[in-house]
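Structure file start_39.txt with compact mmCIF, C-alpha atoms and all ligand atoms:
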```
# COMPACT_ATOMS: atom_id res chain seq x y z
CA MET A 1 20.65 17.72 10.88
CA SER A 2 18.67 15.15 8.89
CA ILE A 3 14.97 15.73 8.27
CA ILE A 4 14.24 12.14 9.27
CA GLU A 5 16.54 9.54 10.69
CA PHE A 6 15.93 5.86 11.37
CA ASN A 7 18.66 4.46 13.54
CA ASN A 8 18.87 0.69 14.07
CA ILE A 9 15.10 0.21 14.14
CA HIS A 10 13.84 -3.18 15.34
CA ARG A 11 10.18 -4.11 15.39
CA ALA A 12 8.31 -7.40 15.85
CA TYR A 13 4.56 -7.86 16.19
CA LYS A 14 4.90 -11.39 17.53
CA ARG A 15 7.75 -12.59 19.69
CA GLY A 16 10.41 -14.20 17.56
CA ILE A 17 9.03 -12.88 14.24
CA ASP A 18 10.97 -9.73 13.54
CA VAL A 19 9.65 -7.50 10.78
CA LEU A 20 12.44 -4.94 11.03
CA ARG A 21 15.87 -6.01 12.22
CA GLY A 22 18.13 -3.00 12.42
CA VAL A 23 16.93 -0.57 9.76
CA SER A 24 19.02 2.59 9.45
CA PHE A 25 18.85 5.40 6.92
CA SER A 26 18.16 9.11 6.87
CA LEU A 27 16.79 11.75 4.51
CA GLU A 28 18.33 15.16 4.03
CA LYS A 29 16.36 18.29 3.23
CA GLY A 30 14.74 18.26 -0.21
CA GLU A 31 15.41 14.59 -0.97
CA VAL A 32 12.78 12.40 -2.64
CA VAL A 33 13.32 8.78 -1.65
CA GLY A 34 11.36 5.76 -2.88
CA LEU A 35 10.89 2.99 -0.34
CA LEU A 36 10.63 -0.42 -1.99
CA GLY A 37 10.02 -3.87 -0.62
CA LYS A 38 7.73 -6.76 -1.37
CA ASN A 39 4.44 -7.33 0.46
CA GLY A 40 5.06 -7.63 4.16
CA ALA A 41 8.61 -6.26 4.01
CA GLY A 42 7.78 -3.65 6.66
CA LYS A 43 7.29 -0.41 4.73
CA THR A 44 4.06 0.51 6.50
CA THR A 45 5.56 -0.50 9.83
CA LEU A 46 8.43 1.91 9.26
CA MET A 47 6.09 4.76 8.28
CA ARG A 48 3.95 4.15 11.38
CA ILE A 49 7.06 4.25 13.53
CA ALA A 50 7.99 7.58 11.93
CA MET A 51 4.54 8.95 12.74
CA GLY A 52 4.81 7.76 16.36
CA MET A 53 1.80 5.46 15.87
CA ILE A 54 3.83 2.47 17.01
CA GLU A 55 7.07 2.24 18.90
CA PRO A 56 10.16 0.35 17.84
CA GLN A 57 11.35 -2.26 20.32
CA LYS A 58 14.88 -1.07 19.71
CA GLY A 59 16.41 1.89 17.90
CA ILE A 60 15.59 5.55 17.55
CA VAL A 61 13.59 7.52 15.02
CA SER A 62 13.84 11.29 14.90
CA LEU A 63 12.14 13.89 12.74
CA PHE A 64 13.77 17.33 12.66
CA GLY A 65 15.82 16.06 15.60
CA LEU A 66 12.66 15.33 17.65
CA GLY A 67 11.12 12.05 18.77
CA PRO A 68 7.61 11.58 17.30
CA ARG A 69 6.33 10.20 20.59
CA ASP A 70 8.14 12.75 22.74
CA GLU A 71 6.96 15.83 20.84
CA PRO A 72 3.89 14.57 18.95
CA ILE A 73 2.27 17.94 18.23
CA GLN A 74 5.43 19.77 17.16
CA VAL A 75 6.36 16.87 14.89
CA LYS A 76 2.91 16.29 13.33
CA ARG A 77 2.48 19.96 12.49
CA ARG A 78 5.55 19.72 10.26
CA VAL A 79 4.65 16.41 8.60
CA GLY A 80 2.11 15.31 5.98
CA TYR A 81 1.11 11.66 5.98
CA VAL A 82 -1.04 9.70 3.56
CA SER A 83 -1.45 6.02 4.37
CA GLU A 84 -2.53 3.23 2.05
CA ASP A 85 -5.73 2.66 3.99
CA GLN A 86 -6.49 6.22 5.04
CA ILE A 87 -10.01 6.39 6.38
CA LEU A 88 -11.85 9.67 5.96
CA PRO A 89 -15.17 10.16 7.78
CA GLU A 90 -17.67 8.83 5.24
CA PHE A 91 -20.65 10.86 6.40
CA LEU A 92 -18.87 14.22 5.99
CA ARG A 93 -18.74 16.32 2.85
CA VAL A 94 -15.42 17.01 1.15
CA ARG A 95 -15.67 20.67 2.17
CA GLU A 96 -16.14 19.70 5.85
CA VAL A 97 -13.18 17.34 5.87
CA ILE A 98 -10.98 20.08 4.45
CA GLN A 99 -12.29 22.58 7.01
CA LEU A 100 -11.51 20.14 9.80
CA HIS A 101 -7.90 19.89 8.69
CA ARG A 102 -7.59 23.61 8.09
CA GLY A 103 -8.38 24.19 11.75
CA LEU A 104 -5.66 21.82 12.89
CA PHE A 105 -2.67 23.43 11.20
CA PRO A 106 -1.51 27.01 11.85
CA THR A 107 0.54 26.97 8.63
CA TRP A 108 -2.43 26.01 6.38
CA ASP A 109 -2.05 27.59 2.93
CA GLU A 110 -5.50 28.41 1.51
CA ALA A 111 -4.10 29.28 -1.90
CA LEU A 112 -2.56 25.81 -2.17
CA GLU A 113 -5.81 24.24 -0.94
CA HIS A 114 -7.77 26.05 -3.67
CA ASP A 115 -5.19 25.21 -6.29
CA LEU A 116 -5.41 21.48 -5.45
CA CYS A 117 -9.23 21.55 -5.33
CA LYS A 118 -9.19 22.98 -8.82
CA ARG A 119 -6.47 20.71 -10.13
CA PHE A 120 -8.28 17.60 -8.89
CA SER A 121 -11.76 19.01 -9.75
CA LEU A 122 -12.97 17.91 -6.34
CA PRO A 123 -16.74 17.92 -5.77
CA LEU A 124 -16.73 19.94 -2.53
CA ASN A 125 -20.33 19.24 -1.63
CA ALA A 126 -20.17 15.49 -2.20
CA LYS A 127 -20.15 13.13 0.76
CA ILE A 128 -16.89 11.21 1.20
CA ARG A 129 -18.74 7.88 0.79
CA SER A 130 -19.85 8.86 -2.70
CA LEU A 131 -16.30 9.50 -3.98
CA SER A 132 -14.34 7.20 -6.23
CA LYS A 133 -11.16 5.65 -4.83
CA GLY A 134 -9.06 8.14 -6.76
CA GLN A 135 -11.02 11.14 -5.54
CA ALA A 136 -10.78 9.93 -1.94
CA ARG A 137 -6.99 9.65 -2.34
CA GLN A 138 -6.95 13.18 -3.69
CA VAL A 139 -8.85 14.52 -0.69
CA ALA A 140 -6.46 12.69 1.64
CA LEU A 141 -3.51 14.18 -0.20
CA LEU A 142 -4.92 17.69 -0.16
CA CYS A 143 -5.44 17.42 3.60
CA ALA A 144 -1.91 16.09 4.09
CA VAL A 145 -0.11 18.77 2.12
CA SER A 146 -2.03 22.05 2.37
CA HIS A 147 -0.18 23.00 5.53
CA ARG A 148 3.02 22.83 3.46
CA PRO A 149 4.74 20.12 5.48
CA GLU A 150 8.51 20.02 5.61
CA LEU A 151 8.32 16.23 5.38
CA LEU A 152 5.80 14.18 3.45
CA LEU A 153 5.35 10.47 4.16
CA LEU A 154 3.35 8.68 1.48
CA ASP A 155 2.58 5.03 2.15
CA GLU A 156 1.45 3.58 -1.18
CA PRO A 157 -0.76 6.61 -1.62
CA ALA A 158 -1.81 5.60 -5.12
CA GLY A 159 -2.73 2.02 -4.23
CA GLY A 160 -5.88 0.91 -6.03
CA LEU A 161 -5.67 3.57 -8.74
CA ASP A 162 -5.46 2.68 -12.41
CA PRO A 163 -2.04 3.26 -14.03
CA ALA A 164 -2.93 6.62 -15.59
CA ALA A 165 -4.53 7.93 -12.39
CA ARG A 166 -1.57 6.64 -10.36
CA ARG A 167 0.88 8.46 -12.53
CA GLU A 168 -1.06 11.73 -12.46
CA PHE A 169 -1.57 11.49 -8.71
CA LEU A 170 2.06 10.75 -7.88
CA GLU A 171 3.36 13.36 -10.24
CA THR A 172 1.16 16.03 -8.72
CA SER A 173 1.96 15.13 -5.17
CA ILE A 174 5.65 14.45 -5.44
CA GLN A 175 6.93 16.78 -8.10
CA MET A 176 4.84 19.77 -7.14
CA LEU A 177 5.71 19.55 -3.48
CA ASN A 178 9.33 18.80 -3.95
CA GLU A 179 9.65 21.93 -6.05
CA THR A 180 8.90 23.89 -2.90
CA GLY A 181 11.57 22.06 -0.90
CA THR A 182 9.49 19.38 0.82
CA THR A 183 11.41 16.22 1.72
CA ILE A 184 9.49 13.13 0.61
CA LEU A 185 9.58 9.44 1.52
CA PHE A 186 7.12 7.38 -0.51
CA SER A 187 6.58 3.66 -0.61
CA SER A 188 5.59 1.87 -3.77
CA HIS A 189 5.60 -1.56 -5.35
CA TYR A 190 6.72 -0.12 -8.64
CA MET A 191 10.35 0.49 -9.46
CA SER A 192 9.10 2.47 -12.45
CA ASP A 193 7.44 5.01 -10.11
CA VAL A 194 10.60 5.26 -8.07
CA GLU A 195 12.80 5.67 -11.14
CA ARG A 196 10.59 8.43 -12.47
CA LEU A 197 10.07 10.40 -9.28
CA ALA A 198 12.80 9.71 -6.76
CA GLY A 199 16.47 10.56 -6.67
CA ARG A 200 17.24 7.69 -4.36
CA VAL A 201 15.87 4.27 -3.52
CA VAL A 202 15.86 2.38 -0.25
CA MET A 203 14.85 -1.25 -0.44
CA ILE A 204 13.83 -3.21 2.62
CA HIS A 205 14.25 -6.95 2.45
CA GLU A 206 14.26 -9.60 5.17
CA GLY A 207 14.18 -6.98 7.90
CA GLY A 208 17.09 -4.86 6.73
CA VAL A 209 18.09 -2.29 4.16
CA LEU A 210 19.22 -4.34 1.15
CA ILE A 211 19.79 -1.33 -1.08
CA ASP A 212 20.23 2.35 -0.35
CA SER A 213 21.43 4.10 -3.45
CA ASP A 214 21.16 7.05 -5.73
CA ILE A 215 19.02 5.93 -8.70
CA ASP A 216 21.66 6.73 -11.31
CA LEU A 217 24.38 4.92 -9.42
CA LEU A 218 22.04 1.99 -9.01
CA ARG A 219 21.54 1.75 -12.74
CA GLU A 220 25.26 1.85 -13.42
CA GLY A 221 26.41 -0.18 -10.46
CA HIS A 222 24.29 -3.34 -10.57
CA SER A 223 24.25 -6.23 -12.99
CA LEU A 224 22.40 -9.46 -13.59
CA VAL A 225 24.50 -12.50 -14.44
CA LEU A 226 23.05 -15.82 -15.61
CA VAL A 227 25.20 -18.78 -14.55
CA PRO A 228 24.27 -22.14 -16.16
CA HIS A 229 23.33 -24.91 -13.74
CA ALA A 230 26.18 -27.13 -12.57
CA PRO A 231 26.72 -29.08 -9.34
CA LYS A 232 29.26 -26.55 -8.03
CA VAL A 233 27.07 -23.54 -8.91
CA THR A 234 25.01 -23.41 -5.73
CA ARG A 235 23.16 -20.49 -4.25
CA ASP A 236 25.54 -20.33 -1.29
CA ALA A 237 28.62 -20.50 -3.52
CA LEU A 238 27.29 -17.61 -5.59
CA LEU A 239 26.39 -15.54 -2.54
CA SER A 240 29.91 -16.02 -1.20
CA ILE A 241 31.30 -14.11 -4.20
CA GLU A 242 32.16 -10.50 -3.44
CA GLY A 243 29.33 -8.15 -4.46
CA CYS A 244 26.70 -10.85 -5.03
CA ILE A 245 23.57 -9.67 -3.24
CA GLY A 246 20.85 -12.00 -4.49
CA VAL A 247 20.40 -15.31 -6.29
CA ARG A 248 17.35 -16.97 -7.82
CA ASP A 249 17.30 -20.53 -9.07
CA ARG A 250 15.45 -20.33 -12.40
CA SER A 251 14.82 -23.04 -14.95
CA ASP A 252 17.30 -21.63 -17.49
CA ALA A 253 20.15 -20.78 -15.10
CA MET A 254 21.03 -19.34 -11.70
CA HIS A 255 20.24 -15.62 -11.82
CA ALA A 256 22.66 -13.62 -9.68
CA VAL A 257 22.51 -9.90 -8.99
CA PHE A 258 25.85 -8.24 -8.36
CA ARG A 259 26.63 -4.85 -6.90
CA CYS A 260 29.25 -4.04 -9.54
CA GLN A 261 29.74 -3.62 -13.29
CA PRO A 262 28.92 -6.64 -15.49
CA ARG A 263 32.55 -7.17 -16.50
CA ASP A 264 33.68 -7.37 -12.86
CA ALA A 265 30.79 -9.68 -11.99
CA LEU A 266 31.69 -12.08 -14.81
CA ASP A 267 35.37 -12.02 -13.79
CA ARG A 268 34.47 -12.90 -10.22
CA VAL A 269 32.17 -15.73 -11.31
CA ALA A 270 34.97 -17.12 -13.50
CA ARG A 271 37.43 -16.88 -10.61
CA GLN A 272 35.06 -18.82 -8.36
CA PHE A 273 33.91 -21.55 -10.73
CA GLY A 274 36.25 -21.52 -13.72
CA SER A 275 34.60 -21.54 -17.09
CA THR A 276 30.82 -21.81 -16.73
CA GLY A 277 29.36 -20.08 -19.77
CA ALA A 278 28.03 -17.32 -17.52
CA ARG A 279 26.69 -14.28 -19.31
CA HIS A 280 25.43 -10.85 -18.44
CA ARG A 281 21.84 -9.87 -19.24
CA ASP A 282 20.91 -6.26 -19.69
CA VAL A 283 17.70 -5.68 -17.77
CA ALA A 284 15.61 -2.78 -16.60
CA LEU A 285 15.89 -1.91 -12.93
CA GLU A 286 12.36 -3.20 -12.31
CA GLU A 287 13.35 -6.66 -13.49
CA MET A 288 16.56 -6.58 -11.50
CA PHE A 289 14.56 -5.97 -8.36
CA ILE A 290 12.22 -8.81 -9.05
CA GLU A 291 15.29 -11.03 -9.39
CA LEU A 292 16.58 -9.67 -6.13
CA VAL A 293 13.57 -10.15 -3.91
CA GLY A 294 12.03 -13.08 -5.68
CA GLY A 295 8.67 -11.71 -6.59
CA GLN A 296 6.83 -8.46 -6.89
CA SER A 297 9.02 -5.76 -5.41
P1 LIG B 1 2.60 -4.20 1.82
O1 LIG B 1 3.50 -3.89 0.68
O2 LIG B 1 1.85 -5.48 1.62
O3 LIG B 1 1.73 -3.07 2.24
P2 LIG B 1 4.51 -3.63 3.95
O4 LIG B 1 5.90 -3.66 3.43
O5 LIG B 1 3.88 -2.30 4.14
O6 LIG B 1 3.57 -4.56 3.07
P3 LIG B 1 3.84 -4.11 6.73
O7 LIG B 1 2.41 -3.73 6.54
O8 LIG B 1 4.71 -3.17 7.49
O9 LIG B 1 4.53 -4.44 5.32
O10 LIG B 1 3.85 -5.52 7.44
C1 LIG B 1 5.06 -6.19 7.76
C2 LIG B 1 4.74 -7.50 8.47
O11 LIG B 1 4.19 -7.22 9.75
C3 LIG B 1 3.73 -8.38 7.76
O12 LIG B 1 4.13 -9.71 7.91
C4 LIG B 1 2.45 -8.15 8.52
O13 LIG B 1 1.64 -9.30 8.52
C5 LIG B 1 2.94 -7.85 9.93
N1 LIG B 1 2.03 -6.93 10.63
C6 LIG B 1 1.77 -5.66 10.28
N2 LIG B 1 0.93 -5.07 11.14
C7 LIG B 1 0.64 -6.01 12.08
C8 LIG B 1 -0.17 -6.02 13.27
N3 LIG B 1 -0.85 -4.95 13.67
N4 LIG B 1 -0.20 -7.17 13.99
C9 LIG B 1 0.50 -8.25 13.62
N5 LIG B 1 1.30 -8.31 12.51
C10 LIG B 1 1.36 -7.20 11.76
```

Using structure tokens, write down the structure from this file.
Ligand code: ATP
Amino acid sequence: MSIIEFNNIHRAYKRGIDVLRGVSFSLEKGEVVGLLGKNGAGKTTLMRIAMGMIEPQKGIVSLFGLGPRDEPIQVKRRVGYVSEDQILPEFLRVREVIQLHRGLFPTWDEALEHDLCKRFSLPLNAKIRSLSKGQARQVALLCAVSHRPELLLLDEPAGGLDPAARREFLETSIQMLNETGTTILFSSHYMSDVERLAGRVVMIHEGGVLIDSDIDLLREGHSLVLVPHAPKVTRDALLSIEGCIGVRDRSDAMHAVFRCQPRDALDRVARQFGSTGARHRDVALEEMFIELVGGQS
């Protein structure tokens, strides 16, 4: 049984404007999966559906084989969730917020709580409102993980942190927990985070799963081909080529991302258009994704 399974999830907030249009993927025990997608792609929506905070209009989500809205307590006890805009009660002290959470979870691990307090050097007597953004994220994380969840859902948990703090925060949360077998789904705008921390990436684009791949296979199995402008080299013509999954019209050439090795991609382009002067460009995954979704991924 999968730890979490999204099956054909559809969700719209306004009639006719679908955010998710048939999203399906699942996570097996111990996997760390990075969820990518540009602003508004639906990452938060998907996480909220997993937590039972909103309902899909179509499709089924299950965690440990249970529906989050059917068995909310059983499910939430086994899950840790940190959202991008997590609000902690500002008037409470750090110590009180931790106590509050400790009381909610029968599996709370005090040794882990103390370890994280020490690791983050949290000021236990400080009021939440006096914390920096990074410290507030750390408190939220401590509260989400000290009951040793089987599944951790992190929705841009390091948003607003500077690059060094982001790295430290993600490394602590993801690597440390995964070592103890926790399954983790985390959303991020940074392919570099996903490459460093996840074994697999799922990218949501235009309501569906555009990519679901092991990171290493992704690196080997995708290529960027630059095809010089010509009347026959249209976006639609490129997209009709087998394996072409994205095209951007740039000033220097049409940039096409293929789900295959560069040599195969160039062969296919030549078969479609004849000789065009197309060439392969070696790029980092981050850049490939920007090509693919047309902006910040
Ligand atoms: P980001 O990377 O910017 O956080 P995201 O991938 O998490 O984006 P969502 O927050 O899930 O995306 O939003 C997806 C779309 O749904 C957006 O167009 C957003 O405006 C819309 N949306 C989200 N929540 C609501 C809501 N409560 N009411 C109406 N529309 C909403």

>> Taking all atoms listed in the file into account, which residues have an atom no farther than 10 Å from ligand LIG 1 (chain B)? I'd like them as a ChimeraX atom specification.
In response: /A:11-14,17-20,35-49,54,83-85,155-156,159,187-189,204-205,207,296-297

>> Using Å and a single decimal, report how far CA of Gly30 in chain A sits from CA of Asn7 in chain A.
In response: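 Rounded to one decimal, the two atoms are 19.9 Å apart.
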
If we count all atoms listed in the file and set the cut-off at 7 Å, which residues sit around Ile245 in chain A, ignoring sequence neighbours fewer than 6 positions away in its own chain? Please answer as an mmCIF file with C-alpha atoms, in the frame of the given file.
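Written output follows (result.cif):
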```
data_model
loop_
_atom_site.group_PDB
_atom_site.id
_atom_site.type_symbol
_atom_site.label_atom_id
_atom_site.label_comp_id
_atom_site.auth_asym_id
_atom_site.auth_seq_id
_atom_site.Cartn_x
_atom_site.Cartn_y
_atom_site.Cartn_z
ATOM 1 C CA LEU A 239 26.390 -15.540 -2.540
ATOM 2 C CA VAL A 257 22.510 -9.900 -8.990
ATOM 3 C CA PHE A 258 25.850 -8.240 -8.360
ATOM 4 C CA ARG A 259 26.630 -4.850 -6.900
#
```

> Which of these, A:Glu195, A:Asp264, A:Asp70, A:Glu110, has the shortest distance to Val145 in chain A once you count all atoms listed in the file?
Replying inline: A:Glu110

> So how many Å separate CA of Arg235 in chain A and CA of Glu286 in chain A, to one decimal?
Replying inline: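 Separating CA of Arg235 in chain A from CA of Glu286 in chain A is a distance of 21.9 Å.
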
> What separation in Å, quoted to one decimal, exists between CA of Phe273 in chain A and CA of Val293 in chain A?
Replying inline: 24.3 Å

>> Here is a test: counting all atoms listed in the file, which residue of A:Glu206, A:Asp109, A:Asp212, A:Glu291 is nearest to Val33 in chain A?
In response: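 Looking at the shortest contact to Val33 in chain A, the residue is A:Asp212.
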